[in-house]
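This is upload_30.txt. It holds compact mmCIF, C-alpha atoms and all ligand atoms.
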```txt
# COMPACT_ATOMS: atom_id res chain seq x y z
CA MET A 1 -9.87 -11.18 -31.63
CA THR A 2 -9.53 -12.57 -35.15
CA GLU A 3 -6.26 -12.35 -37.08
CA GLU A 4 -7.95 -9.87 -39.41
CA GLN A 5 -8.81 -7.61 -36.45
CA ARG A 6 -5.25 -7.88 -35.15
CA GLU A 7 -3.93 -6.82 -38.52
CA ARG A 8 -6.38 -3.92 -38.69
CA LEU A 9 -5.19 -2.74 -35.30
CA ARG A 10 -1.52 -3.05 -36.27
CA ALA A 11 -2.16 -0.94 -39.37
CA LEU A 12 -3.97 1.73 -37.32
CA LEU A 13 -1.19 1.88 -34.74
CA ALA A 14 1.69 1.91 -37.23
CA ARG A 15 0.67 5.24 -38.81
CA PRO A 16 3.21 7.96 -37.99
CA LEU A 17 1.65 11.21 -36.78
CA PRO A 18 3.19 14.53 -37.81
CA LEU A 19 2.83 17.13 -35.07
CA ARG A 20 4.17 20.58 -35.88
CA GLY A 21 7.83 19.98 -36.84
CA ARG A 22 8.08 16.47 -35.36
CA THR A 23 6.59 13.07 -36.11
CA ALA A 24 5.39 10.54 -33.54
CA SER A 25 6.33 7.06 -34.74
CA GLY A 26 2.94 5.51 -33.99
CA ARG A 27 -0.54 5.94 -32.53
CA LEU A 28 -0.28 4.07 -29.23
CA TRP A 29 1.11 6.29 -26.49
CA LEU A 30 2.02 5.83 -22.84
CA ALA A 31 -0.26 7.97 -20.63
CA PRO A 32 1.39 10.25 -18.06
CA MET A 33 1.30 8.68 -14.59
CA ALA A 34 2.75 10.16 -11.41
CA GLY A 35 4.84 7.66 -9.47
CA LEU A 36 4.70 5.10 -12.30
CA GLY A 37 5.93 6.63 -15.57
CA HIS A 38 9.43 7.41 -14.29
CA VAL A 39 12.71 7.06 -16.14
CA ALA A 40 13.32 3.49 -14.94
CA PHE A 41 9.90 2.26 -16.03
CA ARG A 42 10.18 4.04 -19.37
CA ARG A 43 13.52 2.33 -20.00
CA VAL A 44 11.97 -1.10 -19.50
CA LEU A 45 8.99 -0.19 -21.67
CA ALA A 46 11.13 1.24 -24.46
CA GLY A 47 13.15 -1.98 -24.47
CA PHE A 48 10.11 -3.83 -25.87
CA GLY A 49 9.52 -1.30 -28.65
CA GLY A 50 6.25 -0.26 -30.27
CA CYS A 51 5.41 2.79 -28.16
CA GLY A 52 4.65 5.80 -30.37
CA LEU A 53 5.36 8.39 -27.68
CA LEU A 54 6.42 8.30 -24.05
CA PHE A 55 5.03 10.72 -21.46
CA SER A 56 6.75 11.69 -18.23
CA GLU A 57 5.15 11.82 -14.82
CA MET A 58 3.69 15.24 -14.22
CA CYS A 59 6.35 17.77 -13.28
CA THR A 60 5.39 20.78 -11.21
CA ALA A 61 6.02 23.86 -13.29
CA ARG A 62 7.25 25.97 -10.40
CA GLY A 63 11.04 25.81 -10.36
CA LEU A 64 11.28 23.47 -13.34
CA ASP A 65 13.29 26.02 -15.32
CA THR A 66 16.21 25.56 -12.94
CA GLU A 67 15.57 22.00 -11.74
CA ASN A 68 18.57 19.65 -11.62
CA ARG A 69 17.80 16.45 -13.52
CA LYS A 70 20.23 14.48 -11.36
CA SER A 71 18.43 15.23 -8.11
CA SER A 72 14.85 15.87 -9.25
CA PRO A 73 12.36 13.19 -8.17
CA ASN A 74 10.54 13.18 -11.51
CA PHE A 75 12.25 15.46 -14.03
CA ARG A 76 14.75 12.74 -14.97
CA TRP A 77 15.36 11.14 -18.29
CA ARG A 78 17.83 9.19 -20.37
CA ASP A 79 19.35 11.14 -23.26
CA GLU A 80 18.42 8.27 -25.59
CA GLU A 81 14.68 8.73 -24.91
CA ALA A 82 14.51 12.54 -25.15
CA ASP A 83 13.37 12.67 -28.76
CA SER A 84 10.43 10.37 -28.09
CA LEU A 85 9.52 11.80 -24.68
CA VAL A 86 6.87 14.38 -23.87
CA ILE A 87 7.27 16.15 -20.54
CA GLN A 88 4.01 16.85 -18.75
CA ILE A 89 3.91 20.05 -16.72
CA SER A 90 1.34 21.07 -14.15
CA GLY A 91 0.50 24.42 -12.67
CA ALA A 92 -2.01 27.26 -12.78
CA ASP A 93 0.09 30.34 -13.38
CA PRO A 94 0.59 31.04 -17.10
CA ALA A 95 3.96 32.74 -16.50
CA GLU A 96 5.27 29.82 -14.44
CA MET A 97 4.01 27.33 -16.98
CA ALA A 98 5.74 29.31 -19.73
CA LEU A 99 9.07 29.24 -17.89
CA ALA A 100 8.77 25.49 -17.41
CA ALA A 101 7.81 24.93 -21.07
CA GLY A 102 10.81 27.00 -22.18
CA ARG A 103 13.11 24.67 -20.24
CA VAL A 104 11.43 21.62 -21.76
CA ALA A 105 11.90 23.11 -25.23
CA ARG A 106 15.56 23.95 -24.61
CA GLU A 107 16.30 20.38 -23.48
CA GLY A 108 15.15 19.07 -26.86
CA PHE A 109 12.33 16.73 -25.89
CA PHE A 110 9.68 15.64 -28.38
CA GLY A 111 7.09 17.90 -26.80
CA VAL A 112 5.44 19.42 -23.76
CA ASP A 113 2.05 18.40 -22.37
CA VAL A 114 -0.15 20.55 -20.14
CA ASN A 115 -1.94 18.71 -17.34
CA MET A 116 -5.63 19.62 -17.26
CA GLY A 117 -6.77 16.22 -16.07
CA CYS A 118 -5.55 15.63 -12.54
CA SER A 119 -8.36 16.06 -10.04
CA ALA A 120 -6.42 15.36 -6.84
CA SER A 121 -7.36 18.05 -4.36
CA ALA A 122 -3.71 19.00 -3.76
CA MET A 123 -3.67 20.11 -7.41
CA THR A 124 -7.14 21.53 -7.87
CA LYS A 125 -7.09 23.68 -4.75
CA ARG A 126 -4.19 25.55 -6.32
CA GLY A 127 -6.14 25.95 -9.54
CA ALA A 128 -3.98 23.43 -11.44
CA GLY A 129 -4.88 20.20 -13.29
CA ALA A 130 -8.60 19.71 -13.87
CA ALA A 131 -9.36 22.98 -12.02
CA LEU A 132 -8.29 24.78 -15.20
CA LEU A 133 -11.33 23.27 -16.92
CA ARG A 134 -13.48 25.42 -14.63
CA ALA A 135 -11.54 28.52 -15.70
CA PRO A 136 -11.50 28.54 -19.52
CA GLU A 137 -9.81 31.95 -19.76
CA LYS A 138 -6.98 30.80 -17.54
CA ALA A 139 -6.69 27.52 -19.45
CA VAL A 140 -6.38 29.46 -22.70
CA ALA A 141 -3.81 31.82 -21.19
CA VAL A 142 -1.73 28.84 -20.03
CA VAL A 143 -1.70 27.25 -23.48
CA ARG A 144 -0.97 30.58 -25.23
CA GLU A 145 1.95 31.39 -22.94
CA VAL A 146 3.30 27.87 -23.16
CA ARG A 147 3.07 28.01 -26.96
CA ALA A 148 4.86 31.37 -27.03
CA ALA A 149 7.66 30.16 -24.74
CA VAL A 150 8.12 27.00 -26.81
CA ASP A 151 8.14 29.03 -30.03
CA ALA A 152 10.93 31.20 -28.66
CA ALA A 153 13.13 28.17 -27.98
CA ASP A 154 12.05 25.61 -30.59
CA PRO A 155 9.15 26.45 -32.92
CA GLU A 156 9.10 22.84 -34.17
CA MET A 157 8.12 21.44 -30.79
CA PRO A 158 4.48 20.44 -30.36
CA VAL A 159 2.37 21.50 -27.38
CA LEU A 160 -0.17 18.94 -26.17
CA VAL A 161 -2.93 19.11 -23.58
CA LYS A 162 -4.37 16.23 -21.59
CA PHE A 163 -7.83 16.96 -20.24
CA ARG A 164 -10.99 15.42 -18.90
CA THR A 165 -14.69 15.94 -19.48
CA GLY A 166 -14.72 18.63 -16.81
CA TRP A 167 -16.89 19.12 -13.79
CA SER A 168 -20.26 18.07 -15.17
CA PRO A 169 -21.09 14.93 -17.16
CA ASP A 170 -22.31 17.07 -20.09
CA PRO A 171 -19.82 16.73 -22.99
CA GLY A 172 -20.70 20.20 -24.37
CA PRO A 173 -18.19 22.12 -22.23
CA ALA A 174 -15.46 19.57 -23.09
CA CYS A 175 -16.05 20.20 -26.82
CA ASP A 176 -15.96 23.97 -26.22
CA MET A 177 -12.77 23.57 -24.20
CA ALA A 178 -11.19 21.45 -26.94
CA ARG A 179 -11.83 24.24 -29.48
CA LEU A 180 -10.38 26.86 -27.14
CA LEU A 181 -7.26 24.77 -26.47
CA ALA A 182 -6.67 24.10 -30.16
CA ASP A 183 -7.19 27.78 -31.03
CA ALA A 184 -4.74 28.76 -28.27
CA GLY A 185 -2.00 26.65 -29.86
CA ALA A 186 -2.37 23.01 -28.80
CA ASP A 187 -1.15 20.72 -31.58
CA ALA A 188 -2.90 17.60 -30.21
CA LEU A 189 -5.24 16.71 -27.35
CA VAL A 190 -5.46 13.62 -25.19
CA PHE A 191 -8.97 13.27 -23.82
CA HIS A 192 -9.99 11.15 -20.84
CA PRO A 193 -13.79 11.15 -20.84
CA ARG A 194 -14.50 11.19 -17.14
CA VAL A 195 -15.79 13.98 -14.94
CA ALA A 196 -13.11 15.48 -12.76
CA PRO A 197 -14.23 14.26 -9.33
CA ASP A 198 -14.34 10.62 -10.54
CA ARG A 199 -11.10 8.89 -9.57
CA ARG A 200 -11.48 6.10 -12.14
CA THR A 201 -14.29 4.23 -10.36
CA ARG A 202 -16.98 4.69 -13.04
CA PRO A 203 -16.36 3.75 -16.68
CA PRO A 204 -15.15 6.49 -19.02
CA VAL A 205 -17.75 7.60 -21.58
CA TRP A 206 -16.05 6.76 -24.87
CA ALA A 207 -18.90 8.29 -26.90
CA HIS A 208 -17.66 11.69 -25.71
CA ILE A 209 -14.27 11.07 -27.35
CA ARG A 210 -15.99 11.10 -30.73
CA LEU A 211 -17.74 14.39 -29.91
CA VAL A 212 -14.46 16.02 -28.88
CA ALA A 213 -12.59 14.57 -31.89
CA GLU A 214 -15.25 15.97 -34.22
CA ALA A 215 -15.15 19.38 -32.55
CA VAL A 216 -11.55 20.20 -33.48
CA GLY A 217 -9.15 20.00 -36.39
CA VAL A 218 -6.18 18.79 -34.33
CA PRO A 219 -5.62 15.08 -33.55
CA VAL A 220 -7.49 13.84 -30.46
CA PHE A 221 -6.22 10.74 -28.65
CA GLY A 222 -8.65 8.71 -26.57
CA ASN A 223 -7.81 7.47 -23.09
CA GLY A 224 -9.51 5.40 -20.41
CA ASN A 225 -9.89 1.69 -19.63
CA VAL A 226 -8.12 0.30 -22.68
CA GLN A 227 -6.89 -3.06 -21.40
CA THR A 228 -6.84 -5.45 -24.34
CA ALA A 229 -6.04 -5.27 -28.05
CA GLY A 230 -9.79 -5.66 -28.63
CA ASP A 231 -10.51 -2.60 -26.43
CA CYS A 232 -7.93 -0.63 -28.37
CA LEU A 233 -9.45 -1.48 -31.75
CA ARG A 234 -12.91 -0.70 -30.39
CA MET A 235 -11.75 2.69 -29.16
CA PHE A 236 -10.50 3.56 -32.65
CA GLU A 237 -13.63 2.30 -34.36
CA GLU A 238 -16.22 3.67 -31.92
CA THR A 239 -14.67 7.08 -31.43
CA GLY A 240 -12.76 8.02 -34.58
CA CYS A 241 -9.82 9.01 -32.36
CA ALA A 242 -6.43 9.72 -33.93
CA GLY A 243 -4.73 7.38 -31.48
CA VAL A 244 -4.92 5.78 -28.05
CA SER A 245 -3.18 6.63 -24.80
CA VAL A 246 -2.78 3.71 -22.37
CA GLY A 247 -2.11 4.16 -18.67
CA ARG A 248 -2.49 1.46 -16.07
CA MET A 249 -2.43 -1.49 -18.43
CA ALA A 250 0.88 -0.26 -19.81
CA VAL A 251 2.28 -0.50 -16.28
CA ALA A 252 0.87 -3.98 -15.80
CA ARG A 253 2.11 -5.15 -19.25
CA PRO A 254 4.68 -2.76 -20.74
CA TRP A 255 5.14 -5.14 -23.67
CA LEU A 256 1.60 -4.46 -24.89
CA PHE A 257 2.90 -1.80 -27.32
CA ALA A 258 5.04 -4.43 -29.04
CA GLU A 259 2.27 -7.02 -28.85
CA TRP A 260 -0.57 -4.91 -30.25
CA GLY A 261 1.49 -2.72 -32.57
CA LEU A 262 4.26 -4.98 -33.84
CA GLY A 263 2.66 -8.43 -33.55
CA ALA A 264 5.28 -9.60 -31.03
CA SER A 265 4.36 -12.40 -28.64
CA PHE A 266 5.66 -13.21 -25.18
CA GLY A 267 5.70 -16.27 -22.93
CA PRO A 268 4.76 -16.37 -19.25
CA GLU A 269 8.35 -15.57 -18.21
CA VAL A 270 7.82 -12.00 -19.42
CA TYR A 271 6.16 -11.05 -16.10
CA ARG A 272 9.20 -12.18 -14.11
CA GLU A 273 11.80 -10.83 -16.54
CA THR A 274 10.07 -7.45 -16.75
CA ALA A 275 9.85 -7.14 -12.97
CA LEU A 276 13.54 -8.01 -12.62
CA ALA A 277 14.49 -5.57 -15.37
CA LEU A 278 12.56 -2.84 -13.58
CA LEU A 279 14.34 -3.58 -10.31
CA ASP A 280 17.69 -3.22 -12.11
CA ALA A 281 16.59 0.03 -13.73
CA LEU A 282 15.28 1.41 -10.42
CA GLU A 283 18.62 0.62 -8.82
CA GLU A 284 20.46 2.45 -11.55
CA HIS A 285 18.29 5.57 -11.68
CA PHE A 286 17.19 6.17 -8.07
CA ASP A 287 18.56 6.10 -4.56
CA PRO A 288 17.43 3.08 -2.47
CA GLN A 289 14.61 4.96 -0.73
CA ARG A 290 13.09 6.27 -3.92
CA ALA A 291 13.60 2.94 -5.69
CA LEU A 292 11.74 1.13 -2.93
CA LYS A 293 8.81 3.55 -3.03
CA ARG A 294 8.52 3.16 -6.80
CA TRP A 295 8.70 -0.64 -6.63
CA LYS A 296 5.77 -0.64 -4.21
CA LYS A 297 3.68 1.45 -6.60
CA TYR A 298 4.53 -0.72 -9.60
CA ALA A 299 3.89 -3.96 -7.68
CA VAL A 300 0.16 -3.15 -7.48
CA TYR A 301 -0.11 -3.25 -11.27
CA LEU A 302 2.14 -6.29 -11.61
CA ALA A 303 -0.03 -8.16 -9.10
CA ALA A 304 -3.22 -7.07 -10.88
CA ASN A 305 -2.26 -9.35 -13.77
CA PHE A 306 -2.81 -12.48 -11.73
CA ARG A 307 -5.87 -14.31 -10.54
CA TYR A 308 -4.46 -14.38 -7.02
CA GLY A 309 -3.07 -10.84 -7.22
CA HIS A 310 -4.47 -9.78 -3.87
CA ASP A 311 -2.56 -12.54 -2.19
CA MET A 312 0.53 -11.88 -4.22
CA LEU A 313 0.83 -8.14 -3.63
CA PRO A 314 2.00 -8.18 0.00
CA LYS A 315 4.45 -10.95 -0.88
CA LEU A 316 5.92 -8.95 -3.77
CA THR A 317 6.60 -5.97 -1.53
CA ARG A 318 7.85 -7.84 1.54
CA GLY A 319 11.36 -6.85 2.59
CA ALA A 320 13.46 -3.73 2.86
CA CYS A 321 15.70 -3.63 -0.18
CA LEU A 322 15.77 -4.38 -3.88
CA ASP A 323 17.47 -7.73 -3.37
CA ASP A 324 14.56 -8.81 -1.16
CA PHE A 325 12.17 -7.82 -3.96
CA ARG A 326 14.25 -9.72 -6.52
CA ALA A 327 13.96 -12.84 -4.36
CA ASN A 328 10.18 -12.31 -4.05
CA VAL A 329 9.81 -12.00 -7.81
CA ARG A 330 11.82 -15.16 -8.45
CA ALA A 331 9.85 -17.11 -5.85
CA LEU A 332 6.41 -15.92 -6.95
CA LEU A 333 6.78 -15.66 -10.72
CA SER A 334 9.02 -18.55 -11.66
CA GLY A 335 6.29 -21.10 -12.30
CA ASP A 336 3.37 -20.32 -14.53
CA PRO A 337 1.21 -18.07 -12.34
CA ALA A 338 -2.46 -17.85 -13.32
CA VAL A 339 -2.80 -14.75 -15.48
CA SER A 340 -6.18 -13.02 -15.79
CA GLY A 341 -7.32 -11.81 -19.21
CA ARG A 342 -8.26 -8.54 -17.55
CA PRO A 343 -6.56 -7.12 -14.50
CA SER A 344 -8.11 -7.15 -11.05
CA VAL A 345 -10.57 -4.25 -10.99
CA HIS A 346 -9.96 -3.71 -7.32
CA LEU A 347 -6.18 -3.36 -7.69
CA PHE A 348 -6.64 -1.17 -10.76
CA THR A 349 -8.76 1.38 -8.94
CA CYS A 350 -6.76 1.61 -5.75
C1 LIG B 1 -1.22 6.25 -10.41
C2 LIG B 1 -1.70 7.17 -11.49
C3 LIG B 1 -1.09 8.40 -11.67
C4 LIG B 1 -1.54 9.26 -12.66
N1 LIG B 1 -0.88 10.46 -12.86
C5 LIG B 1 -1.25 11.26 -13.89
C6 LIG B 1 -0.50 12.42 -14.18
O1 LIG B 1 0.53 12.71 -13.55
N2 LIG B 1 -0.92 13.22 -15.20
C7 LIG B 1 -2.04 12.91 -15.94
O2 LIG B 1 -2.39 13.66 -16.86
N3 LIG B 1 -2.75 11.79 -15.69
C8 LIG B 1 -2.38 10.97 -14.70
N4 LIG B 1 -3.07 9.81 -14.48
C9 LIG B 1 -4.20 9.45 -15.34
C10 LIG B 1 -3.76 8.58 -16.50
O3 LIG B 1 -2.92 9.29 -17.38
C11 LIG B 1 -5.00 8.08 -17.30
O4 LIG B 1 -5.72 9.20 -17.75
C12 LIG B 1 -5.92 7.20 -16.45
O5 LIG B 1 -5.20 6.25 -15.69
C13 LIG B 1 -6.94 6.48 -17.36
O6 LIG B 1 -6.29 5.70 -18.34
P1 LIG B 1 -6.10 4.09 -18.15
O7 LIG B 1 -7.49 3.53 -17.95
O8 LIG B 1 -5.49 3.66 -19.46
O9 LIG B 1 -5.26 3.88 -16.96
C14 LIG B 1 -2.64 8.92 -13.49
C15 LIG B 1 -3.24 7.68 -13.31
C16 LIG B 1 -2.77 6.79 -12.33
C17 LIG B 1 -3.43 5.44 -12.19
```
How would this structure read if it were set down as structure tokens?
Amino acid sequence: MTEEQRERLRALLARPLPLRGRTASGRLWLAPMAGLGHVAFRRVLAGFGGCGLLFSEMCTARGLDTENRKSSPNFRWRDEEADSLVIQISGADPAEMALAAGRVAREGFFGVDVNMGCSASAMTKRGAGAALLRAPEKAVAVVREVRAAVDAADPEMPVLVKFRTGWSPDPGPACDMARLLADAGADALVFHPRVAPDRRTRPPVWAHIRLVAEAVGVPVFGNGNVQTAGDCLRMFEETGCAGVSVGRMAVARPWLFAEWGLGASFGPEVYRETALALLDALEEHFDPQRALKRWKKYAVYLAANFRYGHDMLPKLTRGACLDDFRANVRALLSGDPAVSGRPSVHLFTC
């Protein structure tokens, strides 16, 4: 990328985005990711700066209205992040989703996001996630009820929806769905242009982001396979999206928000220091069992950064406690390990 392109990207990302009564500080957002976008990871990411909006892991709507944040596996947050954090909720029952959204609004987060993208069968067989894209009336009812519940608690809070192309590769239904969601009260949409059964093995069809963005008056964020600053600029320029949502690469390199958006630069020690900071944060926010499970998930994306990532992964996760993992990180990442420009495709799709 040329310096001129870098500057163009920084200017695009630095634009604040007003959404209902709130304003997102920038246009590069963390995508919601179950098992990865937890409170400990978000703390490490926020420490670098540059992220316009954080998204939680998906939280099941059922029971969320009374869930205890101290014991919940994923409805956990730091008070300091609440005003830049969107809580993603998943479910199929409009009344349940409304109850959950009401709780989110009462807690004072930035916003609430409805999951219409997850195509895991555990979700879709209950009619939740991407299954809602097959049931437009239900999808509309969910957004309407969520909007009404949020209005009752905090009319300034935006409602967002994350969705996919749907169940056929034709972008027409996705454009129709985008209009329905916006009319039902969504203030912004995050669109991942893949058909629902595709678990990230085929490339997303970025051209469909432009079609969806042109179909509605609300901001549409693009998502899918943005790995480098060049990809990010290309997504803006090819699709006309209002902003970009980054998932897996943000796990692999949580400093990318600061790098692409603020012009910060980092030396090779950032891989080691970030991994160690995450281990500390996991220890603080989770019990040992949960911390260990989350380290193993993160390690896949850490390893994907390196040319010998496949070799490295089992060595990063060897051991039974966080101190073992700290020792692994120091041993494996203290030199200058060979970093790949793009992550290992195999590790990124597992
Ligand atoms: C491990 C994992 C968990 C995910 N969990 C969620 C989720 O809870 N909710 C959601 O809307 N999307 C989820 N996604 C999808 C991501 O938000 C994103 O759409 C996808 O990874 C493509 O973006 P990327 O290429 O930038 O990673 C998940 C993705 C991964 C890899």
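Contacts with ligand LIG 1 (chain B) are defined as any residue atom within 7 Å of a ligand atom, using all atoms listed in the file; the residues meeting this criterion are Ala31, Pro32, Met33, Ala34, Gly35, Leu36, Glu57, Met58, Asn115, Met116, Gly117, Cys118, Lys162, His192, Arg200, Asn223, Gly224, Asn225, Val226, Ser245, Val246, Gly247, Arg248 and Met249 of chain A.
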TODO: Please measure the separation of atom CA of A:Ala331 and atom CA of A:Met312, giving the value in Å to one decimal.
DONE: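 Here the two named atoms are 10.8 Å from each other.
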Task: Point-to-point distance from atom CA of A:Ala213 to atom CA of A:Ser119, Å rounded to tenths - done: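 Between atom CA of A:Ala213 and atom CA of A:Ser119 the gap works out to 22.3 Å.
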Task: Non-local contacts of stretch 122-132 of chain A (12 Å; all atoms listed in the file; under 4 positions in same chain excluded) as a PyMOL selection string - done: chain A and resi 58-62+88-94+96-97+113-118+136-143+161-168+174+177+181+191-192+194-199
Open item on the list: Under the rule that only C-alpha atoms are counted, which of A:Gly185, A:Pro155, A:Pro203, A:Pro254 is the nearest residue to A:Ala105?
Closed with: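 The shortest atom-to-atom distance to A:Ala105 comes from A:Pro155.
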